[in-house]
Amino acid sequence: MRSNLWIVWKDISSAMLLVFSLSALWIHPARAQTPDRNQEIQQLKDKLQQLDQTMGEVKAEIDALERQGQQPPAEAKKAPAQPLPQVAVPSEATAAQPQADPVPLEGEITEAKDSLNIYGFAMLDSGYDFGQVDPNWFDVLRPTKLPSFYNEFAPSGNVYAGVRQTRFGVKSSSPTPLGDLKTVFEFELFGTGVDAGQTTFRLRHAYGELGSIGAGQTWSPFMDIDVFPNTIEYWGPNGMVFFRNVQVRWMPIRGERNSVTIAVERPGASADGGIYADRIELSNIKPRFNFPDLSGNVRIDRNWGHLQFASIVRKIGWVDTSDNPINLGGSVVGWGVNLSSNLKVSKTNLAKLEVSYGDGIENYMNDAPVDVGIGRTPPNSLLPIKAVALPVLGIVAFLDHTWGERFTSSGGFSMANISNSGGQLPSDFHRGYYSVGNLLYHPTPKVTMGGEFQWGQRVNFSDGFHSNDYRIQFSFKYDWDKSFKFPSL
């Protein structure tokens, strides 16, 4: 600041000295002027004009410096920020209130293009079982696992707790010249089969799609996952078609309002020897599945909900590996149909309905024991026994209700009924009932907690025995997910 003022002062002093010199010259008589003198005077006039211009510029600089000293320095103007690519954001929009159907479509790939979605939840189930159940299925309600005779799983009345519903999954989506490439990998901690009753890893989905072709393990086209109600009991309605299977599928129509899916699925079935189970003739009977199961569905989606019709056909075979003169090998044809729907009764009520029926499709049902039973043959028959594909009827009727911003409920009824064969044991499973009702609290869209009353009943084939189970369960569920979006190539 001081250096600038000193420079200005020097310019002013020089100008003043030049002005005084020029004034002195003007006082000489005009007659004394010579041509050289006139030229010198003109030069001085030119310099004076230049000095006037310089003084105006200097004054402007002084005024600017004075204003700068009185005001705080202005911040440097920032360059416009360049938009950064989105790296990690929640894949779900935060809803103001719980949806009428907050149950996610598990395994369905709906991610945006060029994205990777990591999702899952931690869940605690705890409760009190007033009755009895197979210890390997302590934290679920399955009518087939209730006692088939008095005090089979005594004693009654047990507290249970576990985290076996906890889940982890990864979904991806990216465009290709052949269509969108989509994948899903998902597992949970609910042990089944040889791991029944354990908290251990269990694969749910390992599936991919490229355009209209998909392959891997995911929901069978014979089922409708949208029918599953908003309940906290893990296993779900016993009369529902519910099966994740290895398959190759073709989806020729995939619109928002209409869709068609056809699949060939991994075959499999179970059999019950019944009253002939100890016969040596049956010890050499081995299953044979030389054709895949063929399934498909047609679905329409409208403002009022959706309607889906599905069907399946399958071959269940077995061979006799013994040297007996009477060959007991053979096969049966299994088939089934499934009609399901979601109906938006009102803005706060969603009805979930399903009716299914077929022969030899029990392993596609949520809770049904065997596909094939032993039947008696006429006295003059060449074969002492025959295999029968057991008919099964499944019914599901539930209502999901939204009370308000934070509370939801679900309640309903389900049944699975098997038409037993004549060679089955009197204590074999014949019919099961399932009913639950709950009140759930959602303090935030990704947290669920609440209580649920559960009831189940098992009815035996022909000995007149039945058993009931009553439970109260409380659960705490904490959802999470992150989406990573990448720029398109």
# chains A, B, ... in the order shown; residues from 1 in each chain; ligands from 1
>>> residues_around(residues="Asp139 of chain A", least_positions_apart="3", cutoff="9 Å", atoms="only C-alpha atoms", output="number ranges by chain")
A: 125-127, 129, 135-136, 160-162, 164, 197, 233-234
>>> write_last_selection(atoms="N, CA and C atoms", output="compact mmCIF listing (two decimals), in the first residue's frame")
# COMPACT_ATOMS: atom_id res chain seq x y z
N ASP A 125 -35.20 -63.87 15.94
CA ASP A 125 -36.51 -64.45 16.25
C ASP A 125 -36.45 -65.05 17.65
N SER A 126 -37.43 -64.71 18.46
CA SER A 126 -37.51 -65.28 19.80
C SER A 126 -38.98 -65.45 20.17
N GLY A 127 -39.26 -66.44 20.98
CA GLY A 127 -40.66 -66.66 21.33
C GLY A 127 -40.84 -67.81 22.30
N ASP A 129 -43.03 -71.49 22.66
CA ASP A 129 -43.82 -72.54 22.04
C ASP A 129 -44.60 -73.26 23.13
N PRO A 135 -37.44 -81.09 17.33
CA PRO A 135 -36.40 -80.15 17.78
C PRO A 135 -35.58 -79.55 16.66
N ASN A 136 -35.47 -80.24 15.52
CA ASN A 136 -34.72 -79.68 14.40
C ASN A 136 -35.44 -78.50 13.74
N TYR A 160 -37.58 -70.28 22.64
CA TYR A 160 -36.64 -70.44 21.54
C TYR A 160 -36.14 -69.07 21.09
N ALA A 161 -34.96 -69.06 20.48
CA ALA A 161 -34.37 -67.84 19.94
C ALA A 161 -33.33 -68.23 18.89
N GLY A 162 -33.19 -67.39 17.90
CA GLY A 162 -32.20 -67.66 16.86
C GLY A 162 -32.10 -66.53 15.87
N ARG A 164 -31.41 -67.33 12.46
CA ARG A 164 -31.24 -68.13 11.24
C ARG A 164 -31.86 -67.47 10.00
N GLY A 197 -31.84 -77.68 11.82
CA GLY A 197 -31.67 -77.25 13.20
C GLY A 197 -30.42 -76.44 13.45
N GLU A 233 -42.91 -65.23 10.89
CA GLU A 233 -42.64 -66.67 10.96
C GLU A 233 -41.92 -67.07 9.67
N TYR A 234 -40.82 -67.81 9.79
CA TYR A 234 -39.95 -68.03 8.64
C TYR A 234 -40.57 -68.91 7.57
>>> select_by_dssp(residues="segment 313-472 of chain A", states="strand (DSSP E)", output="ChimeraX atom specification")
/A:313-320,330-346,349-359,372-376,385-389,391-402,407-418,429-444,447-460,466-472
>>> atom_distance(atom1="atom CA of Gly131 of chain A", atom2="atom CA of Ser410 of chain A")
22.9 Å
>>> residues_around(residues="Val133 of chain A", least_positions_apart="2", cutoff="12 Å", atoms="only C-alpha atoms", output="PDB file with C-alpha atoms, in the first residue's frame")
ATOM      1  CA  TYR A 128     -42.464 -69.252  23.384  1.00  0.00           C
ATOM      2  CA  ASP A 129     -43.815 -72.539  22.037  1.00  0.00           C
ATOM      3  CA  PHE A 130     -46.764 -73.750  24.120  1.00  0.00           C
ATOM      4  CA  GLY A 131     -46.822 -77.144  22.391  1.00  0.00           C
ATOM      5  CA  PRO A 135     -36.402 -80.152  17.783  1.00  0.00           C
ATOM      6  CA  ASN A 136     -34.723 -79.676  14.404  1.00  0.00           C
ATOM      7  CA  TRP A 137     -37.505 -77.225  13.519  1.00  0.00           C
ATOM      8  CA  PHE A 138     -37.749 -75.420  16.864  1.00  0.00           C
ATOM      9  CA  ASP A 139     -38.144 -71.872  15.458  1.00  0.00           C
ATOM     10  CA  VAL A 140     -40.679 -72.466  12.643  1.00  0.00           C
ATOM     11  CA  LEU A 141     -44.261 -73.650  12.414  1.00  0.00           C
ATOM     12  CA  ARG A 142     -44.569 -76.658  10.104  1.00  0.00           C
ATOM     13  CA  PRO A 143     -47.628 -78.893  10.582  1.00  0.00           C
ATOM     14  CA  THR A 144     -45.730 -81.874   9.117  1.00  0.00           C
ATOM     15  CA  LYS A 145     -43.205 -81.566  11.989  1.00  0.00           C
ATOM     16  CA  LEU A 146     -45.789 -81.630  14.772  1.00  0.00           C
ATOM     17  CA  PRO A 147     -46.234 -84.848  16.825  1.00  0.00           C
ATOM     18  CA  SER A 148     -47.801 -87.807  15.020  1.00  0.00           C
ATOM     19  CA  PHE A 149     -48.582 -89.467  18.370  1.00  0.00           C
ATOM     20  CA  TYR A 150     -48.994 -88.331  21.965  1.00  0.00           C
ATOM     21  CA  ASN A 151     -45.882 -86.709  23.500  1.00  0.00           C
ATOM     22  CA  GLU A 152     -43.655 -87.590  20.540  1.00  0.00           C
ATOM     23  CA  PHE A 153     -41.566 -84.442  21.136  1.00  0.00           C
ATOM     24  CA  ALA A 154     -42.285 -83.903  24.846  1.00  0.00           C
ATOM     25  CA  PRO A 155     -42.107 -81.825  26.933  1.00  0.00           C
ATOM     26  CA  SER A 156     -44.416 -79.008  25.922  1.00  0.00           C
ATOM     27  CA  GLY A 157     -43.570 -75.368  26.574  1.00  0.00           C
ATOM     28  CA  ASN A 158     -40.174 -74.110  25.424  1.00  0.00           C
ATOM     29  CA  TYR A 160     -36.644 -70.438  21.541  1.00  0.00           C
ATOM     30  CA  GLY A 197     -31.671 -77.250  13.200  1.00  0.00           C
ATOM     31  CA  GLY A 456     -50.776 -74.983  13.475  1.00  0.00           C
ATOM     32  CA  GLN A 457     -52.493 -78.360  13.407  1.00  0.00           C
ATOM     33  CA  ARG A 458     -51.548 -81.792  12.084  1.00  0.00           C
ATOM     34  CA  SER A 467     -51.954 -82.313  17.356  1.00  0.00           C
ATOM     35  CA  ASN A 468     -52.030 -78.533  17.815  1.00  0.00           C
ATOM     36  CA  ASP A 469     -49.267 -76.039  18.392  1.00  0.00           C
ATOM     37  CA  TYR A 470     -49.562 -72.454  19.653  1.00  0.00           C
ATOM     38  CA  ARG A 471     -46.749 -69.930  19.625  1.00  0.00           C
TER      39      ARG A 471
END
>>> residues_around(residues="segment 214-222 of chain A", least_positions_apart="6", cutoff="10 Å", atoms="only C-alpha atoms", output="ChimeraX atom specification")
/A:106-108,181-186,203-208,241-251,260-266,294-298,308-312,336-339,356,364
>>> select_by_dssp(residues="segment 227-475 of chain A", states="helix (DSSP H, G or I)", output="number ranges by chain")
A: 227, 274-276, 280-282, 362-364
>>> write_last_selection(atoms="N, CA, C and O atoms", output="short mmCIF file (atom, residue, chain, number, x, y, z; two decimals), in the first residue's frame")
data_model
loop_
_atom_site.label_atom_id
_atom_site.label_comp_id
_atom_site.auth_asym_id
_atom_site.auth_seq_id
_atom_site.Cartn_x
_atom_site.Cartn_y
_atom_site.Cartn_z
N VAL A 227 -47.32 -64.08 -3.27
CA VAL A 227 -48.38 -64.55 -2.37
C VAL A 227 -47.89 -64.64 -0.93
O VAL A 227 -48.69 -64.64 0.01
N GLY A 274 -44.64 -96.75 3.46
CA GLY A 274 -45.83 -97.05 4.25
C GLY A 274 -45.72 -98.37 5.00
O GLY A 274 -44.68 -98.71 5.59
N ILE A 275 -46.78 -99.14 4.94
CA ILE A 275 -46.81 -100.41 5.68
C ILE A 275 -45.92 -101.45 5.03
O ILE A 275 -45.65 -102.51 5.63
N TYR A 276 -45.38 -101.16 3.85
CA TYR A 276 -44.50 -102.10 3.15
C TYR A 276 -43.03 -101.66 3.24
O TYR A 276 -42.17 -102.23 2.56
N ILE A 280 -38.40 -106.65 1.95
CA ILE A 280 -37.10 -106.74 1.31
C ILE A 280 -37.18 -106.42 -0.17
O ILE A 280 -36.22 -105.95 -0.79
N GLU A 281 -38.36 -106.63 -0.77
CA GLU A 281 -38.51 -106.34 -2.19
C GLU A 281 -38.29 -104.87 -2.51
O GLU A 281 -37.89 -104.51 -3.62
N LEU A 282 -38.57 -104.01 -1.51
CA LEU A 282 -38.43 -102.56 -1.73
C LEU A 282 -37.03 -102.05 -1.42
O LEU A 282 -36.72 -100.89 -1.72
N GLU A 362 -45.72 -82.78 -4.37
CA GLU A 362 -45.54 -82.38 -2.97
C GLU A 362 -44.22 -81.67 -2.71
O GLU A 362 -44.15 -80.78 -1.84
N ASN A 363 -43.14 -82.03 -3.42
CA ASN A 363 -41.87 -81.37 -3.13
C ASN A 363 -41.84 -79.93 -3.63
O ASN A 363 -40.93 -79.18 -3.30
N TYR A 364 -42.82 -79.52 -4.43
CA TYR A 364 -42.97 -78.11 -4.81
C TYR A 364 -43.82 -77.34 -3.80
O TYR A 364 -43.88 -76.11 -3.88
#
